[in-house]
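structure-v9.cif follows (mmCIF, C-alpha atoms and all ligand atoms):
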data_my_file
#
loop_
_atom_site.label_atom_id
_atom_site.label_comp_id
_atom_site.auth_asym_id
_atom_site.auth_seq_id
_atom_site.Cartn_x
_atom_site.Cartn_y
_atom_site.Cartn_z
CA MET A 1 -16.48 4.15 -20.79
CA LYS A 2 -16.82 4.24 -17.03
CA LYS A 3 -15.05 1.11 -15.84
CA LEU A 4 -12.01 -0.77 -17.08
CA ILE A 5 -11.79 -4.17 -15.44
CA SER A 6 -10.74 -6.42 -18.35
CA PRO A 7 -9.04 -5.37 -21.61
CA LEU A 8 -12.17 -6.70 -23.33
CA ASP A 9 -14.09 -3.76 -21.84
CA LEU A 10 -12.40 -1.78 -24.64
CA THR A 11 -13.21 -2.42 -28.29
CA THR A 12 -10.26 -2.62 -30.67
CA GLN A 13 -11.40 0.77 -32.04
CA GLU A 14 -11.24 2.27 -28.56
CA ILE A 15 -7.78 0.77 -28.10
CA ASP A 16 -6.70 2.33 -31.41
CA GLN A 17 -8.02 5.70 -30.24
CA ILE A 18 -6.11 5.43 -26.95
CA LEU A 19 -2.89 4.46 -28.73
CA ASP A 20 -3.31 7.32 -31.23
CA LEU A 21 -3.87 9.76 -28.40
CA ALA A 22 -0.81 8.39 -26.57
CA ASP A 23 1.22 8.98 -29.76
CA HIS A 24 0.05 12.61 -29.86
CA ILE A 25 0.93 13.06 -26.20
CA ILE A 26 4.43 11.63 -26.75
CA ASP A 27 4.93 14.03 -29.69
CA ASN A 28 3.71 17.12 -27.87
CA PRO A 29 3.25 16.62 -24.12
CA LYS A 30 2.95 20.36 -23.41
CA ALA A 31 -0.33 20.51 -25.33
CA PHE A 32 -1.85 18.18 -22.74
CA ALA A 33 -0.50 19.84 -19.59
CA HIS A 34 -3.87 21.31 -18.53
CA LYS A 35 -6.33 18.76 -19.85
CA CYS A 36 -7.26 17.56 -16.36
CA ASP A 37 -6.91 20.78 -14.38
CA GLY A 38 -9.03 20.52 -11.24
CA LYS A 39 -9.51 16.75 -11.50
CA ILE A 40 -8.37 14.29 -8.84
CA LEU A 41 -7.19 10.70 -9.24
CA ALA A 42 -7.36 8.34 -6.25
CA THR A 43 -4.85 5.48 -6.27
CA LEU A 44 -6.14 2.76 -3.95
CA PHE A 45 -3.29 0.24 -3.83
CA PHE A 46 -3.79 -2.68 -1.44
CA GLU A 47 -0.76 -4.47 -2.93
CA PRO A 48 2.82 -3.34 -3.70
CA SER A 49 3.55 -1.46 -6.90
CA THR A 50 6.26 0.77 -8.33
CA ARG A 51 5.49 1.36 -12.01
CA THR A 52 1.74 1.11 -12.05
CA ARG A 53 1.11 3.49 -9.17
CA LEU A 54 3.85 5.95 -10.04
CA SER A 55 2.95 6.01 -13.73
CA PHE A 56 -0.73 6.58 -12.89
CA GLU A 57 0.27 9.44 -10.60
CA SER A 58 2.75 10.83 -13.09
CA ALA A 59 0.06 10.61 -15.81
CA MET A 60 -2.48 12.59 -13.80
CA LEU A 61 0.08 15.18 -12.70
CA SER A 62 1.27 15.54 -16.31
CA LEU A 63 -2.32 16.33 -17.31
CA GLY A 64 -2.58 19.09 -14.69
CA GLY A 65 -4.65 17.03 -12.25
CA GLN A 66 -3.91 16.02 -8.71
CA VAL A 67 -3.58 12.70 -6.90
CA LEU A 68 -4.28 11.18 -3.52
CA GLY A 69 -4.30 7.63 -2.25
CA PHE A 70 -2.53 4.93 -0.33
CA SER A 71 0.06 2.34 -1.31
CA SER A 72 -0.53 -0.56 1.06
CA ALA A 73 -3.39 -2.35 2.79
CA ASP A 74 -1.78 -1.58 6.19
CA SER A 75 -2.09 2.15 5.70
CA CYS A 76 -5.84 2.30 5.04
CA SER A 77 -8.96 1.14 6.84
CA ALA A 78 -8.80 -2.32 5.22
CA SER A 79 -6.52 -3.06 8.19
CA LYS A 80 -9.52 -2.29 10.44
CA GLY A 81 -11.77 -4.59 8.42
CA GLU A 82 -13.36 -2.14 5.96
CA SER A 83 -14.68 -3.79 2.78
CA VAL A 84 -13.37 -2.95 -0.68
CA ALA A 85 -16.84 -1.71 -1.61
CA ASP A 86 -16.92 0.77 1.29
CA THR A 87 -13.37 2.01 0.66
CA ALA A 88 -14.23 2.63 -2.99
CA ARG A 89 -17.39 4.52 -2.02
CA MET A 90 -15.33 6.77 0.25
CA ALA A 91 -12.78 7.45 -2.47
CA GLU A 92 -15.54 8.43 -4.90
CA GLY A 93 -16.42 11.28 -2.56
CA TYR A 94 -12.85 12.59 -2.70
CA ALA A 95 -11.81 11.99 -6.32
CA ASP A 96 -13.06 12.01 -9.93
CA ILE A 97 -11.45 8.74 -11.03
CA ILE A 98 -10.14 5.71 -9.13
CA ALA A 99 -7.29 3.32 -9.95
CA MET A 100 -7.35 0.26 -7.72
CA ARG A 101 -4.94 -2.64 -7.17
CA HIS A 102 -5.88 -5.53 -4.91
CA PRO A 103 -4.51 -9.02 -4.19
CA LYS A 104 -7.93 -10.66 -4.66
CA GLU A 105 -9.24 -11.62 -8.09
CA GLY A 106 -12.49 -9.75 -8.76
CA ALA A 107 -11.88 -6.97 -6.20
CA ALA A 108 -11.91 -4.22 -8.84
CA ALA A 109 -15.20 -5.50 -10.25
CA VAL A 110 -16.75 -5.38 -6.77
CA ALA A 111 -15.50 -1.83 -6.25
CA ALA A 112 -16.74 -0.79 -9.70
CA ALA A 113 -20.22 -2.08 -8.92
CA ASN A 114 -20.36 0.25 -5.92
CA VAL A 115 -19.30 3.58 -7.44
CA ASP A 116 -20.55 5.82 -10.22
CA CYS A 117 -17.23 7.44 -11.07
CA PRO A 118 -14.76 5.93 -13.57
CA LEU A 119 -12.74 3.10 -12.02
CA VAL A 120 -9.73 1.29 -13.43
CA ASN A 121 -8.45 -2.13 -12.40
CA ALA A 122 -4.72 -1.66 -11.76
CA GLY A 123 -4.28 -5.41 -11.14
CA ASP A 124 -6.53 -7.87 -9.30
CA GLY A 125 -4.63 -10.85 -7.91
CA GLY A 126 -3.52 -13.33 -10.56
CA HIS A 127 -6.41 -12.29 -12.81
CA LEU A 128 -6.05 -9.22 -15.05
CA HIS A 129 -4.10 -5.98 -15.51
CA PRO A 130 -5.67 -4.01 -18.37
CA THR A 131 -3.55 -0.84 -18.08
CA GLN A 132 -0.39 -2.92 -18.38
CA THR A 133 -2.00 -4.28 -21.55
CA LEU A 134 -2.45 -0.76 -22.94
CA THR A 135 1.20 -0.08 -22.08
CA ASP A 136 2.23 -3.30 -23.82
CA LEU A 137 0.14 -2.60 -26.93
CA LEU A 138 1.57 0.92 -27.15
CA THR A 139 5.09 -0.54 -26.89
CA ILE A 140 4.41 -3.10 -29.63
CA HIS A 141 2.77 -0.55 -31.89
CA ARG A 142 5.64 1.95 -31.47
CA LEU A 143 8.47 -0.56 -31.79
CA HIS A 144 7.03 -2.93 -34.41
CA GLY A 145 4.65 -0.49 -36.11
CA ARG A 146 1.74 -2.96 -36.10
CA LEU A 147 -0.49 -5.03 -33.85
CA ASN A 148 -1.17 -7.83 -36.33
CA ASN A 149 0.94 -10.51 -38.05
CA LEU A 150 3.19 -11.11 -35.07
CA THR A 151 4.53 -14.19 -33.33
CA VAL A 152 4.40 -13.46 -29.63
CA GLY A 153 6.16 -15.66 -27.09
CA PHE A 154 5.19 -15.58 -23.43
CA CYS A 155 7.72 -17.12 -21.06
CA GLY A 156 7.73 -17.84 -17.32
CA ASP A 157 4.80 -17.83 -14.93
CA LEU A 158 1.82 -18.00 -17.26
CA LYS A 159 -0.41 -19.36 -14.51
CA PHE A 160 -0.34 -16.44 -12.10
CA GLY A 161 0.89 -13.68 -14.45
CA ARG A 162 -2.05 -11.31 -14.80
CA THR A 163 -0.22 -9.20 -17.39
CA VAL A 164 0.00 -12.31 -19.60
CA HIS A 165 -3.70 -13.13 -19.25
CA SER A 166 -4.66 -9.58 -20.12
CA LEU A 167 -2.36 -9.22 -23.12
CA ILE A 168 -3.43 -12.57 -24.58
CA ARG A 169 -7.09 -11.57 -24.28
CA ALA A 170 -6.41 -8.30 -26.03
CA MET A 171 -4.19 -9.72 -28.78
CA MET A 172 -6.52 -12.58 -29.67
CA ARG A 173 -8.65 -9.98 -31.43
CA TYR A 174 -5.96 -9.03 -33.98
CA THR A 175 -5.25 -11.00 -37.15
CA GLY A 176 -2.22 -13.13 -37.90
CA ILE A 177 -1.16 -13.51 -34.25
CA LYS A 178 0.64 -16.66 -33.24
CA PHE A 179 1.19 -17.29 -29.54
CA ILE A 180 4.04 -19.43 -28.22
CA LEU A 181 3.52 -20.33 -24.57
CA VAL A 182 6.74 -21.29 -22.79
CA SER A 183 6.48 -22.41 -19.16
CA PRO A 184 7.08 -25.32 -16.83
CA GLN A 185 4.01 -27.60 -16.81
CA GLU A 186 3.01 -26.38 -13.35
CA LEU A 187 2.93 -22.76 -14.49
CA GLN A 188 0.93 -23.16 -17.70
CA LEU A 189 -1.89 -20.79 -18.57
CA PRO A 190 -5.07 -21.28 -16.52
CA ASP A 191 -7.74 -23.33 -18.26
CA TYR A 192 -10.16 -20.41 -18.56
CA ILE A 193 -7.68 -18.50 -20.74
CA LEU A 194 -6.78 -21.61 -22.78
CA ASP A 195 -10.50 -22.25 -23.31
CA GLU A 196 -10.99 -18.67 -24.51
CA MET A 197 -8.10 -19.11 -26.93
CA LYS A 198 -9.57 -22.32 -28.30
CA ALA A 199 -13.03 -20.80 -28.59
CA ASN A 200 -11.56 -17.87 -30.55
CA GLY A 201 -9.58 -20.17 -32.85
CA ALA A 202 -6.29 -18.60 -31.65
CA ASP A 203 -3.12 -20.05 -33.15
CA PHE A 204 -0.94 -21.22 -30.27
CA GLN A 205 1.87 -23.60 -29.47
CA VAL A 206 3.00 -24.81 -26.05
CA ALA A 207 6.71 -25.33 -25.38
CA GLU A 208 8.97 -26.00 -22.43
CA ARG A 209 12.37 -25.02 -23.81
CA LEU A 210 12.84 -21.38 -24.73
CA GLU A 211 15.90 -22.15 -26.88
CA GLU A 212 13.79 -24.25 -29.24
CA VAL A 213 11.27 -21.55 -30.07
CA ILE A 214 12.92 -18.16 -29.48
CA GLY A 215 14.04 -17.98 -33.12
CA GLU A 216 10.43 -17.76 -34.34
CA MET A 217 9.38 -14.86 -32.13
CA ASP A 218 8.83 -11.18 -33.03
CA ILE A 219 8.17 -10.45 -29.36
CA LEU A 220 9.40 -12.29 -26.29
CA TYR A 221 7.34 -11.35 -23.24
CA MET A 222 9.28 -12.51 -20.16
CA THR A 223 7.62 -12.70 -16.75
CA ARG A 224 8.61 -13.03 -13.12
CA VAL A 225 7.55 -16.14 -11.20
CA GLN A 226 4.85 -14.63 -8.96
CA LYS A 227 6.19 -15.52 -5.52
CA GLU A 228 3.30 -13.91 -3.65
CA ARG A 229 0.72 -16.16 -5.33
CA PHE A 230 2.37 -19.48 -4.40
CA PHE A 231 0.96 -21.61 -1.65
CA ASN A 232 4.36 -22.77 -0.46
CA GLU A 233 7.91 -21.47 -0.56
CA GLU A 234 9.44 -24.77 -1.72
CA ASP A 235 7.52 -24.75 -5.01
CA TYR A 236 8.53 -21.16 -5.59
CA ILE A 237 12.21 -21.88 -4.98
CA ARG A 238 12.08 -24.90 -7.29
CA LEU A 239 10.43 -22.97 -10.13
CA ARG A 240 11.75 -19.43 -9.83
CA ASP A 241 14.80 -19.87 -12.05
CA SER A 242 13.10 -22.02 -14.70
CA TYR A 243 14.07 -19.50 -17.40
CA ILE A 244 16.89 -17.03 -17.49
CA LEU A 245 17.23 -14.99 -20.64
CA ASP A 246 20.90 -14.33 -21.32
CA PRO A 247 23.05 -13.22 -24.28
CA GLU A 248 23.48 -16.84 -25.47
CA LYS A 249 19.74 -17.27 -25.84
CA MET A 250 19.42 -13.80 -27.40
CA ALA A 251 21.90 -14.95 -30.06
CA LEU A 252 19.25 -17.43 -31.27
CA ALA A 253 16.58 -14.73 -31.69
CA LYS A 254 15.65 -12.62 -34.74
CA SER A 255 17.56 -9.36 -35.15
CA ASP A 256 14.33 -7.35 -34.78
CA MET A 257 12.73 -9.35 -31.98
CA ILE A 258 11.87 -7.21 -28.96
CA VAL A 259 12.11 -8.37 -25.36
CA MET A 260 9.32 -7.10 -23.16
CA HIS A 261 8.74 -7.58 -19.42
CA PRO A 262 6.15 -5.80 -17.26
CA LEU A 263 8.84 -5.57 -14.52
CA PRO A 264 9.88 -5.98 -11.74
CA ARG A 265 12.56 -8.34 -12.98
CA VAL A 266 14.11 -10.76 -10.51
CA ASN A 267 16.47 -13.27 -12.20
CA GLU A 268 14.65 -14.08 -15.40
CA ILE A 269 16.54 -11.59 -17.58
CA SER A 270 20.26 -11.33 -17.03
CA VAL A 271 21.43 -7.70 -16.71
CA ALA A 272 23.81 -8.43 -19.59
CA VAL A 273 20.75 -8.36 -21.89
CA ASP A 274 19.93 -4.75 -20.91
CA LYS A 275 22.41 -3.31 -23.39
CA ASP A 276 21.07 -5.36 -26.28
CA PRO A 277 19.10 -2.96 -28.53
CA ARG A 278 16.28 -5.51 -28.59
CA ALA A 279 15.72 -5.12 -24.82
CA ALA A 280 12.56 -3.01 -24.69
CA TYR A 281 11.46 -3.34 -21.07
CA PHE A 282 12.65 0.00 -19.75
CA ARG A 283 11.16 1.80 -22.75
CA GLN A 284 7.96 -0.19 -22.15
CA ALA A 285 7.79 1.05 -18.53
CA LYS A 286 8.13 4.63 -19.76
CA PHE A 287 5.32 4.19 -22.29
CA GLY A 288 3.08 3.30 -19.33
CA ARG A 289 2.87 6.95 -18.39
CA TYR A 290 1.57 7.97 -21.82
CA ALA A 291 -0.83 5.05 -22.15
CA ARG A 292 -2.32 6.02 -18.78
CA MET A 293 -2.51 9.72 -19.70
CA ALA A 294 -4.54 8.76 -22.75
CA LEU A 295 -6.73 6.40 -20.75
CA ILE A 296 -7.45 8.97 -18.02
CA MET A 297 -8.47 11.51 -20.69
CA LYS A 298 -10.77 8.98 -22.30
CA MET A 299 -12.35 7.90 -19.04
CA LEU A 300 -12.89 11.47 -17.88
CA GLU A 301 -14.20 12.33 -21.38
CA VAL A 302 -11.71 15.14 -21.82
CA ASP A 303 -10.59 16.10 -25.34
C1 LIG B 1 3.24 -6.63 -12.91
C2 LIG B 1 2.07 -6.85 -11.98
O1 LIG B 1 1.95 -6.16 -10.96
O2 LIG B 1 1.27 -7.71 -12.32
N1 LIG B 1 3.94 -5.45 -12.66
C3 LIG B 1 3.47 -4.29 -13.21
O3 LIG B 1 2.36 -3.89 -12.97
N2 LIG B 1 4.26 -3.66 -14.08
C4 LIG B 1 4.11 -7.81 -13.05
C5 LIG B 1 4.72 -8.44 -11.84
O4 LIG B 1 4.52 -8.00 -10.70
O5 LIG B 1 5.43 -9.43 -12.04
#
Would you mind writing the file out in structure tokens?
Amino acid sequence: MKKLISPLDLTTQEIDQILDLADHIIDNPKAFAHKCDGKILATLFFEPSTRTRLSFESAMLSLGGQVLGFSSADSCSASKGESVADTARMAEGYADIIAMRHPKEGAAAVAAANVDCPLVNAGDGGHLHPTQTLTDLLTIHRLHGRLNNLTVGFCGDLKFGRTVHSLIRAMMRYTGIKFILVSPQELQLPDYILDEMKANGADFQVAERLEEVIGEMDILYMTRVQKERFFNEEDYIRLRDSYILDPEKMALAKSDMIVMHPLPRVNEISVAVDKDPRAAYFRQAKFGRYARMALIMKMLEVD
């Protein structure tokens, strides 16, 4: 596999292999410390990131490889007008694998079409984020022990949340999954994802009040309202605090429900929830390192 743009670029068998490998890495990280000796990862980040970039870099360093890159559009030649395709072609000359984040939907696919080396979409605008999906699937598989027969609630900005779009696409392929989609009307899932769900016969329910549905969920996937994708500040301010998960709402949830969030969190999960054993988001962020280690090994065909 040379390019990862959408989670659907991976078969469910390939996902299983990556999750199995991640499990082995978690159990015995030392055994993997030299798997990528001499290899270089380029992180081309045209948009802000903490976890994705640092976990990619940590993953490559933990495999014995090295990293180079940039972390904002201002600090590379995009600020001089260079195209994404040209920047990617340059990076291919300096690295063995590329991870790219960009504010425009489709940017990673354009870059991928212009390079021969493996390239990973680390988030393209409000579209997709397949390595967050691998992180999320690893979290679910480690904390619930299965990827099927689960009721998964998504809450917040389902319109612009690329992590939501990616995870729904990936989870539609497992059996016994029920989706509960909780958002204000203006932030509902885009039609193209809803159409895919309908075409796949996915079981889903739309709700506006979290309190009414939280009790059914095995997983609650909270999201931040994506300020940077709004066209005006007023709409953002009106919608940003639509949902705030707090201990009172947690009291309505199952005792083994897990709360996930790709992070960064703004207001949507009260810090009082952090000490609840069902809060999984910081563990989830940590799993991102291992999911990406496994992915890098697979993409570089190292075993
Ligand atoms: C997410 C992203 O960038 O889409 N963060 C991440 O990668 N962990 C979620 C977000 O920014 O809200």
Item to check | Nearby residues, ligand LIG 1 (chain B), 6 Å, all atoms listed in the file, as a list of chain:residue names | outcome: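 Sorted by chain and then by number, the residues are A:Arg51, A:Thr52, A:Arg162, A:Thr163, A:Arg224, A:Pro262, A:Leu263, A:Pro264.
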Discussion item. Residues within 12 Å of (17.7, -11.6, -37.8), file coordinates, counting all atoms listed in the file: what are they? Give the list as a ChimeraX atom specification.
Written reply: /A:214-218,250-258,278
- request: Write out as number ranges by chain each polymer residue whose atoms come within 8 Å of Gln226 in chain A, counting only C-alpha atoms; drop sequence neighbours fewer than 5 positions from it.
  value: A: 157, 160-161
request  = For a cut-off of 12 Å around (-13.9, -4.2, 2.1), file coordinates, pick out all residues using all atoms listed in the file and list them as a ChimeraX atom specification.
outcome  = /A:46,73,76-90,102,104,107-108,110-111,114
Residues of range 138-257 of chain A that approach range 287-297 of chain A to 10 Å or less, counting all atoms listed in the file: could you list each one with the shortest pair of atoms and its distance in Å to one decimal, rows by chain and increasing residue number, as CSV?
residue,atom,partner,partner_atom,distance
A:Leu138,CA,A:Ala291,CA,6.9
A:Thr139,CA,A:Phe287,CA,6.6
A:Arg142,CA,A:Phe287,CA,9.5
- Message: Residues within 9 Å of Pro118 in chain A, please, as a PyMOL selection string. Count all atoms listed in the file; anything in the same chain fewer than 5 positions from it doesn't count.
- Response: chain A and resi 1-4+96-99+112+299-300
Written selection (C-alpha atoms) as a PDB file, in the frame of the given file:
ATOM      1  CA  MET A   1     -16.480   4.150 -20.790  1.00  0.00           C
ATOM      2  CA  LYS A   2     -16.820   4.240 -17.030  1.00  0.00           C
ATOM      3  CA  LYS A   3     -15.050   1.110 -15.840  1.00  0.00           C
ATOM      4  CA  LEU A   4     -12.010  -0.770 -17.080  1.00  0.00           C
ATOM      5  CA  ASP A  96     -13.060  12.010  -9.930  1.00  0.00           C
ATOM      6  CA  ILE A  97     -11.450   8.740 -11.030  1.00  0.00           C
ATOM      7  CA  ILE A  98     -10.140   5.710  -9.130  1.00  0.00           C
ATOM      8  CA  ALA A  99      -7.290   3.320  -9.950  1.00  0.00           C
ATOM      9  CA  ALA A 112     -16.740  -0.790  -9.700  1.00  0.00           C
ATOM     10  CA  MET A 299     -12.350   7.900 -19.040  1.00  0.00           C
ATOM     11  CA  LEU A 300     -12.890  11.470 -17.880  1.00  0.00           C
TER      12      LEU A 300
END
